[in-house]
4 protein chains.
Amino acid sequence: MAAKVKTAVLGATGYAGYELTRLLLRHERLQKPLLLKRESGGGGADLSASFPALSGNGGYPLEPFSVAKLKEAGVDLLFFATPHELSRSLVPEVVRAGVRVIDLSGAWRLRRTEHRDIYGFGDADVKAVHEAMAQAVYGLPELRSKEIADAALVANPGCYATSVILALAPLLAAGLIDRERGIISDSKSGVSGAGKDATARTHFVSVADNLSAYGVFKHRHVGEMVEQLNLNLDELTFTPHLLPIPRGILSTIYVKLSRSCTSAEVETCYRDAYKGRRWVRVFSPPQLPEIQYSLHSNHCDIGFCLADDARRLVIVSCVDNLLKGAAGQAVQNMNVIYGWNEAEGLQ
Amino acid sequence: MAAKVKTAVLGATGYAGYELTRLLLRHERLQKPLLLKRESGGGGADLSASFPALSGNGGYPLEPFSVAKLKEAGVDLLFFATPHELSRSLVPEVVRAGVRVIDLSGAWRLRRTEHRDIYGFGDADVKAVHEAMAQAVYGLPELRSKEIADAALVANPGCYATSVILALAPLLAAGLIDRERGIISDSKSGVSGAGKDATARTHFVSVADNLSAYGVFKHRHVGEMVEQLNLNLDELTFTPHLLPIPRGILSTIYVKLSRSCTSAEVETCYRDAYKGRRWVRVFSPPQLPEIQYSLHSNHCDIGFCLADDARRLVIVSCVDNLLKGAAGQAVQNMNVIYGWNEAEGLQ
Amino acid sequence: MAAKVKTAVLGATGYAGYELTRLLLRHERLQKPLLLKRESGGGGADLSASFPALSGNGGYPLEPFSVAKLKEAGVDLLFFATPHELSRSLVPEVVRAGVRVIDLSGAWRLRRTEHRDIYGFGDADVKAVHEAMAQAVYGLPELRSKEIADAALVANPGCYATSVILALAPLLAAGLIDRERGIISDSKSGVSGAGKDATARTHFVSVADNLSAYGVFKHRHVGEMVEQLNLNLDELTFTPHLLPIPRGILSTIYVKLSRSCTSAEVETCYRDAYKGRRWVRVFSPPQLPEIQYSLHSNHCDIGFCLADDARRLVIVSCVDNLLKGAAGQAVQNMNVIYGWNEAEGLQ
Amino acid sequence: MAAKVKTAVLGATGYAGYELTRLLLRHERLQKPLLLKRESGGGGADLSASFPALSGNGGYPLEPFSVAKLKEAGVDLLFFATPHELSRSLVPEVVRAGVRVIDLSGAWRLRRTEHRDIYGFGDADVKAVHEAMAQAVYGLPELRSKEIADAALVANPGCYATSVILALAPLLAAGLIDRERGIISDSKSGVSGAGKDATARTHFVSVADNLSAYGVFKHRHVGEMVEQLNLNLDELTFTPHLLPIPRGILSTIYVKLSRSCTSAEVETCYRDAYKGRRWVRVFSPPQLPEIQYSLHSNHCDIGFCLADDARRLVIVSCVDNLLKGAAGQAVQNMNVIYGWNEAEGLQ
C-alpha cells in the first residue's frame with residue numbers, strides 16, 4: 001500500500017470540522033490528522049474538551065496554525081472548516097506553499113462577477129483572494145470529478161446547495177425543465193447547519209416545537225446554485241427553513257417540465273446521470289426520501305412525484321448537512337484527488 | 001345575560017375533540033358540554049382516562065350517543081370530531097332532528113361534483129348525505145360569516161386548508177396572482193394532525209429527527225382549497241410534510257404576481273381584507289410568522305416576502321392545527337352562529 | 001366589584017416574566033399591567049419584539065423602571081422576574097415605598113444563616129438586603145397562605161423546590177419518612193428553567209437527543225428545600241437534569257418510610273394534606289403523573305408507588321416550571337394576598 | 001487471515017436487529033450475514049422495505065428461518081433479536097444443532113429460581129428451556145469474558161441492566177457500598193428501548209414534550225441486575241423513565257459508601273476495574289457523562305460526584321441502548337467468542 005497521506009484540519013471545534021475529524025481518524029489511507037486552531041483561538045487544548053464524545057480515546061491536541069507548522073508536519077492536504085473570512089485570509093498562503101486545500105466555507109465557491117460580494121473580504125488581501133478564486137474548483141464530485149482531481153483548491157459546496165444542485169442538474173442537462181416558469185426549492189435544515197454559536201435563534205426553546213423560514217430571497221447558497229446550474233438569479237426561488245432537529249436537510253423542489261413526460265422517463269434521466277455514483281441514491285416512485293434515510297451517511301437521496309398532468313414535478317432531495325452537505329463530501333473530494341474509491345472512509 | 005347554550009361533543013377522545021372540549025368547558029356562554037361516544041365505543045367511561053391532564057377536576061363522563069339523548073339533554077349544538085365516515089352516517093339525522101351541527105371532519109366540505117368521491121360514503125345513506133351536503137356551509141368565518149350565521153350544518157375547514165385559503169384569498173380576490181403560472185403551497189404540520197391512532201408512521205422513532213413529504217398531489221385538503229379559492233385543480237400544487245413537533249402548521253406559499261407590486265401594496269391588500277378580523281394577524285415585512293407565534297392560540301398568522309423583481313412572492317402562513325385548524329375555528333363558528341364576539345372563549 | 005388592582009412586572013422579557021405577563025393580562029381583577037425594564041435595559045421598546053406571539057394585540061410598551069414611576073402609575077403590587085442580584089438591589093426600596101412585592105428570583109427565599117451566601121449580594125446594600133429578608137415570606141400557598149396574605153414581600157419558590165417540597169411536606173409532617181436513611185430527589189427539567197440566555201448549554205444541538213445531570217450536590221434550590229422541610233442538608237440529595245423539552249419538571253423522589261404503611265395510608269396522608277387545595281392533584285396508584293399532564297396548567301401533580309416491602313416509596317411529582325414553578329404560583333400568591341379565589345386567572 | 005465467519009440474524013426488522021445487521025455488514029471478519037424471519041413473518045421480503053436507509057445498497061433479502069436453512073448456509077453463529085417468547089421456542093433446537101447463539105432477548109439471562117417466572121414460557125417446551133438456561137452465560141464481557149468465550153449460548157444483557165451493572169460492580173466488589181442503605185437507580189431511556197410496535201405509549205404526541213416513569217418496582221431488568229450484582233431484591237430500587245429522544249440511556253445511581261472515601265479512591269476503584277477494557281470510559285470529576293457522548297458508540301460511560309460528607313455518592317452511567325445496550329454488546333460478545341479484538345467492527 002502507498003504511503004499514508006498526512007492531513008490537517010483547521011476548525012475542528014465546529015460541527016462540520018468535528019464530523020470531518022471523526023471521518024479522517026478512521027480513514028485507512030491517512031495518518032492521524034493534525035488538528036489546528038487559530039493562534040489566538042480560545043477553547044481547550046484538546047478537541048475532547050469541546051466534544052466529550054471523544055473522551056478517553058487517546059488525545060486530540062489542538063495546535064496553533066502556521067504555514068511553517070504545516071511544512072514541519074509534512075501536511076499534504078489541509079481542510080478548512082472555518083468562517084469564510086478566515087479562509088480568505090489564510091488559504092492563499094497555504095496554496096502558494098504547495099499544500100492542497102479543501103475548504104468547507106463559502107469563500108471560493110462563486111465565480112461570477114456579480115456574486116463576488118456575497119462573501120465579504122474581511123481583512124483579506126483582495127488580490128490574493130482573486131488569485132486563489134481563479135484556481136478553485138467547485139467540489140461536487142458527481143458533476144466535476146475530473147477538475148477536482150487536479151485542483152489545488154477545492155471549494156466544498158454548501159449543504160443546501162448540494163441537495164438542490166444534485167436534484168436539478170440531470171433534468172436541466174436533459175432540457176426537461178421549463179426554466180421560464182421558475183424553479184422553487186423549499187428547503188428545510190436541522191440546526192447544526194446554523195453553526196455552533198449560541199444565539200437567540202439557536203436556543204433550544206426558540207427551535208423546539210417550532211419551524212421558521214429565514215433568508216427568503218437572500219440566502220448565500222443561491223449564488224452557487226445558480227452558477228452551478230447555469231440559471232439566472234430570478235429563475236430560482238430558494239426558501240430555507242430551520243427544523244427542530246439537530247441535523248439533516250430535505251429540499252422539496254417544484255419544477256414544470258418543458259414537455260409531457262412519464263414518471264419512467266424522469267427516473268431514467270436520474271438513473272443515467274448518477275449511474276455508478278456511489279453517493280447518490282435515486283428512489284423509484286412512489287417512494288420518497290426522508291431525512292432519516294440519509295442521516296449519518298454520505299448519501300444524497302433523490303425521489304420525485306409527477307402530477308397527472310405530466311408536467312408538474314415535485315422532487316424531494318435529502319442529505320445529512322454535516323456529511324454529504326459538508327464533511328462527508330470533503331472526504332469524498334479527497335478520495336477523488338488521490339484517486340481512491342469515493343466510498344473510502346465513508347461507509 | 002341570555003340563557004346558556006347547551007353543546008355536545010361526539011369524539012372528545014381524539015386530539016381535536018379534546019381540545020374542543022377544553023375550550024367549551026371554559027366558554028362563559030355555555031353550559032357544561034355533554035360528552036358523547038359511539039355506543040359501541042371502547043375506551044374509558046370518563047374523558048380523563050384518555051387525557052389525564054383533566055384528572056381531578058370533577059368528572060367528564062362519556063355517554064352513548066343517540067338522537068334521543070340529544071333531545072333529552074336539550075342540546076342546541078352538536079360538534080362532530082369524528083372520522084368523516086361516521087359523520088356521514090350520523091349527521092343527516094341530527095340535522096333533521098333540528099340540532100345544529102358543526103362537523104370537524106371533511107364530510108361536508110366539498111361541493112363540486114368532481115370532488116364528491118374524495119371522502120367515501122362508508123355505510124352512509126348516499127341520498128341523505130347529498131341532502132345534508134346541500135345545506136352545509138364551509139365554516140371559514142373570515143370569508144363566510146353571514147352564511148355560517150344561518151347554517152344548520154357547518155363544515156369546519158381542514159387545518160392545512162385554513163392556512164392556505166386565508167393566505168391566498170385576498171390576493172386572488174384582488175386579481176394579484178397570475179394563476180396560470182401555478183400556485184404552490186409547501187406545507188408542514190405537527191403530528192397531531194395525523195390523528196391519535198398509533199401507526200408505524202406516528203411512532204416517536206419514525207418522526208423524531210426526521211421530516212417527510214407525503215400525499216404529494218393527492219391530499220384531500222386540496223379539494224377544499226381549490227373550491228374555496230375558485231381555482232382549477234392543476235393551478236394549485238400542495239405538498240404536505242410531517243414535522244417532528246406535536247402541533248402547528250406552517251405553509252410556505254409561492255405565487256407569481258399578475259403585475260409588479262410593491263411590498264406595501266401586498267400588505268395593504270391583506271390588511272384591507274382582514275380589517276376587524278380578530279383571528280388573522282398580518283405581519284409587516286421583513287417579519288415572518290413562525291409556528292411558535294400562533295401555537296396555543298386561534299390566530300392565523302400571515303406574512304410575506306416580495307422578490308426584487310416585484311413579481312415573485314413568498315407567503316408564510318401559520319396556524320395551530322388543533323385550534324384555528326380545528327377546535328378553535330369550530331368555537332369561532334359557534335360564536336358567529338350565536339352572534340357572539342368571535343373571540344369569546346378563545347382568548 | 002371592587003376596584004381593579006394595578007400590577008407591574010419588571011423582567012417581562014424573560015420566560016417567567018413573559019408567562020406572568022400573559023396571566024396578568026387576562027386576570028379579571030386586574031388593570032392592564034405596567035411592564036417595566038431596567039433603565040439601562042436593551043431590547044425592543046415593546047414586549048412583542050421579544051415575543052412575537054403577542055403581535056397585533058395592541059401594544060405592550062416596556063417602560064423604564066423607577067420607584068417614582070411606580071407611584072405615578074399607582075402600582076399596588078410589583079412582580080420581579082429578574083436575576084436575584086437585581087432583586088437584591090431594587091426590592092428593598094420598593095418595599096419601603098409601600099409597594100407590595102412578589103419576587104420570582106431566589107433573593108429572599110432563604111432564612112438560615114448558613115444559607116445566606118447561596119445567593120450573592122452583587123452591588124446591593126447588605127443591610128437593606130437583610131432587612132428585606134426579615135420581612136420576606138416563602139410563597140408556597142399550600143403551606144403558608146396565612147403569612148402570605150399579610151406579607152409585604154413574597155419570595156416566590158424555585159421551580160424544582162416547588163415540586164420537591166409539595167411532594168415531601170405531608171409525609172414529613174406525619175412523621176412517615178425515615179429521615180436518617182436519606183431522601184433523594186432525582187429531578188428533571190425542561191430548558192426554559194435554564195433561562196433565556198443563549199449559551200453553549202442551551203444551544204439546540206447540545207440539548208436535543210440528550211440528557212445531562214448538573215449541579216450535583218450544589219444546586220441552589222436545595223437550600224430552600226431543606227429550610228422549608230426542616231431537614232439537615234445531608235438528609236436530602238438532589239440531582240437536577242436537563243431534559244430535551246422546552247418546559248416541565250418531573251421529580252422522582254425516593255424515601256424509606258419510618259414504619260410499614262399501606263398504599264392507602266400514604267394516599268390518605270396526601271389527600272388530607274391537600275384537601276381543598278385547588279392546585280395540587282393527588283393521583284391514586286398505580287397512576288403516576290407525567291410532565292404532559294400538568295403542562296400549561298398551575299397544577300402540582302403528585303403520585304407514588306410503594307414497594308412490596310411496605311417501606312420503600314417512590315414519589316413522582318410534576319409541575320410546569322413556568323407556571324406552578326414560577327409565574328402561576330406568583331399569581332396564586334397574589335390571589336392569596338388579595339383574598340381572591342386561588343384559581344382566579346389561572347384556569 | 002482466517003476464513004470468515006458466517007453469521008445470521010433472526011429479527012433484523014426490529015430496532016436492535018437492524019442496528020446489529022448494520023454492524024455485521026461492515027465487520028471485516030464476517031461473511032455477509034444471513035437475514036432470517038419467522039416463516040409466518042409478514043413485512044417486506046427485503047430489510048430495506050422496513051429500513052429505507054438501506055435502499056440501493058444491493059439487497060438484504062429476508063429468508064424464512066429453519067434449522068435446516070442454518071445448516072445449509074453454514075451458519076456458525078445465530079443472533080436472536082426476537083421477543084423472548086420466540087427465543088424460548090427456537091433457541092434450544094438451534095443450540096442442539098451445534099450453532100452458537102447470542103440472544104438479545106431476556107430469555108436466558110436469569111438463573112435464580114425465584115426469577116424464573118419473570119419471562120414467561122409461551123408455548124415453549126419448559127424442559128428444553130431449562131436445559132438451555134443451564135448452558136447460558138450472561139454476556140457482559142467486562143465481567144465474564146472467559147465464560148463467554150466458551151459459551152454455546154450467550155444471553156446478551158438488557159440495556160438498562162448494562163448501564164447499572166457496569167456502574168455498580170466495581171464498587172460492590174471492593175466492598176465500598178453500604179448495601180443495607182439501599183441502592184437506587186433512576187434510569188431514563190430513549191423510545192427505541194420500548195420497541196418498534198406502534199402503541200399509544202410510543203405515539204409521537206404522547207412522548208414529545210413529556211417524561212414519564214413506568215414499571216416502578218416491576219421492571220424485568222431488575223432480576224438480572226440483582227443476580228449479576230449479587231444483591232437481594234430489596235437492596236435495589238430501579239425506576240425507568242421514558243425520554244423524548246429516539247435512543248440513549250442515562251442512569252443516575254445513588255449509593256451510600258460503607259466508609260468515608262475520597263473522590264480519588266472512587267475513581268481509582270473504577271479505573272482499576274476497567275483497565276484495558278476498551279468499551280468502558282471512566283470520567284474524572286467534575287465531568288459527568290451525558291447521553292450524547294456515548295450515542296452511536298459502544299461505550300458505557302461512567303462518572304460520579306461525591307458529597308462533602310464523603311459518603312453519599314451519585315454515579316451517572318450512559319449507554320446507547322441499541323449499541324452497548326444491545327447490538328454493539330452482541331458484536332462485542334462475538335468478538336470475545338472468536339478471540340478477536342473487542343473493538344472489531346465497533347469503531
# chains A, B, ... in the order shown; residues from 1 in each chain; ligands from 1
>>> residues_around(residues="region 30-39 of chain A", least_positions_apart="3", cutoff="6 Å", atoms="only C-alpha atoms", output="number ranges by chain")
A: 4-10, 25, 27, 62-65
>>> write_last_selection(atoms="N, CA and C atoms", output="JSON list (two decimals), in the first residue's frame")
[["chain", "number", "residue", "atom", "x", "y", "z"],
["A", 4, "LYS", "N", 0.91, 6.58, 3.63],
["A", 4, "LYS", "CA", -0.31, 7.23, 4.08],
["A", 4, "LYS", "C", -0.20, 8.74, 3.95],
["A", 5, "VAL", "N", -1.31, 9.34, 3.59],
["A", 5, "VAL", "CA", -1.36, 10.79, 3.38],
["A", 5, "VAL", "C", -1.51, 11.51, 4.72],
["A", 6, "LYS", "N", -0.88, 12.65, 4.81],
["A", 6, "LYS", "CA", -0.97, 13.45, 6.04],
["A", 6, "LYS", "C", -1.95, 14.60, 5.83],
["A", 7, "THR", "N", -3.00, 14.60, 6.61],
["A", 7, "THR", "CA", -3.98, 15.68, 6.51],
["A", 7, "THR", "C", -3.96, 16.52, 7.79],
["A", 8, "ALA", "N", -4.56, 17.70, 7.64],
["A", 8, "ALA", "CA", -4.74, 18.56, 8.82],
["A", 8, "ALA", "C", -6.11, 19.22, 8.71],
["A", 9, "VAL", "N", -6.63, 19.60, 9.86],
["A", 9, "VAL", "CA", -7.93, 20.28, 9.91],
["A", 9, "VAL", "C", -7.77, 21.57, 10.70],
["A", 10, "LEU", "N", -8.20, 22.65, 10.09],
["A", 10, "LEU", "CA", -8.29, 23.90, 10.84],
["A", 10, "LEU", "C", -9.78, 24.18, 11.10],
["A", 25, "LEU", "N", -10.12, 10.31, 11.11],
["A", 25, "LEU", "CA", -9.49, 9.42, 12.09],
["A", 25, "LEU", "C", -9.64, 7.95, 11.72],
["A", 27, "HIS", "N", -10.19, 6.84, 8.49],
["A", 27, "HIS", "CA", -9.90, 6.63, 7.07],
["A", 27, "HIS", "C", -8.57, 5.88, 6.96],
["A", 62, "LEU", "N", -4.96, 20.22, 20.02],
["A", 62, "LEU", "CA", -5.14, 21.27, 19.02],
["A", 62, "LEU", "C", -3.89, 22.12, 19.03],
["A", 63, "GLU", "N", -3.25, 22.24, 17.88],
["A", 63, "GLU", "CA", -2.02, 23.01, 17.82],
["A", 63, "GLU", "C", -2.22, 24.29, 17.02],
["A", 64, "PRO", "N", -1.43, 25.31, 17.34],
["A", 64, "PRO", "CA", -1.61, 26.59, 16.65],
["A", 64, "PRO", "C", -1.27, 26.46, 15.16],
["A", 65, "PHE", "N", -2.11, 27.06, 14.35],
["A", 65, "PHE", "CA", -1.91, 27.03, 12.91],
["A", 65, "PHE", "C", -0.77, 27.95, 12.48]]
>>> closest_atom_pairs(of="chain D", to="chain B", cutoff="8 Å", atoms="only C-alpha atoms", output="tab-separated table")
residue	atom	partner	partner_atom	distance
D:Val191	CA	B:Val205	CA	6.7
D:Ser192	CA	B:Val205	CA	6.5
D:Lys196	CA	B:His203	CA	7.7
D:Asp197	CA	B:Ala200	CA	7.5
D:Ala198	CA	B:Thr199	CA	5.1
D:Thr199	CA	B:Ala198	CA	5.1
D:Ala200	CA	B:Ala198	CA	5.6
D:Thr202	CA	B:His203	CA	5.5
D:His203	CA	B:His203	CA	4.7
D:Phe204	CA	B:Phe204	CA	4.0
D:Val205	CA	B:Pro246	CA	5.3
D:Val207	CA	B:Phe204	CA	6.9
D:Ala208	CA	B:Pro246	CA	6.8
D:Ile245	CA	B:Ala208	CA	7.4
D:Pro246	CA	B:Val205	CA	5.3
>>> residues_around(residues="Tyr293 (chain D)", least_positions_apart="2", cutoff="8 Å", atoms="only C-alpha atoms", output="PyMOL selection string")
(chain A and resi 51-54) or (chain D and resi 289-291+295)
>>> residues_around(residues="Leu250 (chain A)", least_positions_apart="4", cutoff="6 Å", atoms="only C-alpha atoms", output="ChimeraX atom specification")
/A:187-188,317-318
>>> write_last_selection(atoms="C-alpha atoms", output="PDB file, in the first residue's frame")
ATOM      1  CA  SER A 187     -35.597  23.594   1.827  1.00  0.00           C
ATOM      2  CA  LYS A 188     -35.524  22.644   5.492  1.00  0.00           C
ATOM      3  CA  SER A 317     -33.852  15.570  -2.060  1.00  0.00           C
ATOM      4  CA  CYS A 318     -32.188  14.758   1.279  1.00  0.00           C
TER       5      CYS A 318
END
>>> residues_around(residues="Leu90 (chain A)", least_positions_apart="2", cutoff="10 Å", atoms="only C-alpha atoms", output="ChimeraX atom specification")
/A:65-67,80,84-88,92-95,124-125,128-129
>>> residues_around(residues="Pro286 (chain A)", least_positions_apart="3", cutoff="9 Å", atoms="only C-alpha atoms", output="ChimeraX atom specification")
/A:283,303-305
>>> write_last_selection(atoms="N, CA and C atoms", output="tab-separated table (two decimals), in the first residue's frame")
chain	number	residue	atom	x	y	z
A	283	PHE	N	-34.61	7.21	-5.83
A	283	PHE	CA	-35.74	6.42	-5.36
A	283	PHE	C	-36.79	6.30	-6.46
A	303	GLY	N	-35.83	11.61	-4.85
A	303	GLY	CA	-37.07	10.97	-5.30
A	303	GLY	C	-37.97	12.03	-5.91
A	304	PHE	N	-39.07	11.62	-6.47
A	304	PHE	CA	-39.93	12.61	-7.12
A	304	PHE	C	-41.34	12.07	-7.27
A	305	CYS	N	-42.25	12.99	-7.60
A	305	CYS	CA	-43.64	12.65	-7.85
A	305	CYS	C	-44.13	13.52	-8.99
>>> atom_distance(atom1="CA of Ser260 (chain A)", atom2="CA of Val222 (chain A)")
28.0 Å
>>> select_by_dssp(residues="region 40-165 of chain C", states="alpha helix (DSSP H)", output="NGL selection string")
:C and (47-50 or 67-73 or 84-96 or 126-135 or 141-150 or 159-165)
>>> residues_around(residues="region 173-181 of chain D", least_positions_apart="6", cutoff="7 Å", atoms="only C-alpha atoms", output="list in words")
Arg181 of chain C; Glu235, Val255, Lys256, Leu257, Ser258 and Arg259 of chain D
>>> atom_distance(atom1="CA of Gln292 (chain B)", atom2="CA of Gly345 (chain B)")
20.7 Å
>>> atom_distance(atom1="CA of Glu342 (chain D)", atom2="CA of Lys146 (chain D)")
12.9 Å
>>> select_by_dssp(residues="region 142-264 of chain A", states="strand (DSSP E or B)", output="JSON, numbers by chain")
{"A": [153, 154, 155, 177, 183, 184, 185, 186, 187, 188, 189, 203, 212, 213, 236, 237, 238, 239, 240, 241, 242, 249, 250, 251, 252, 253, 254, 255, 256, 257]}
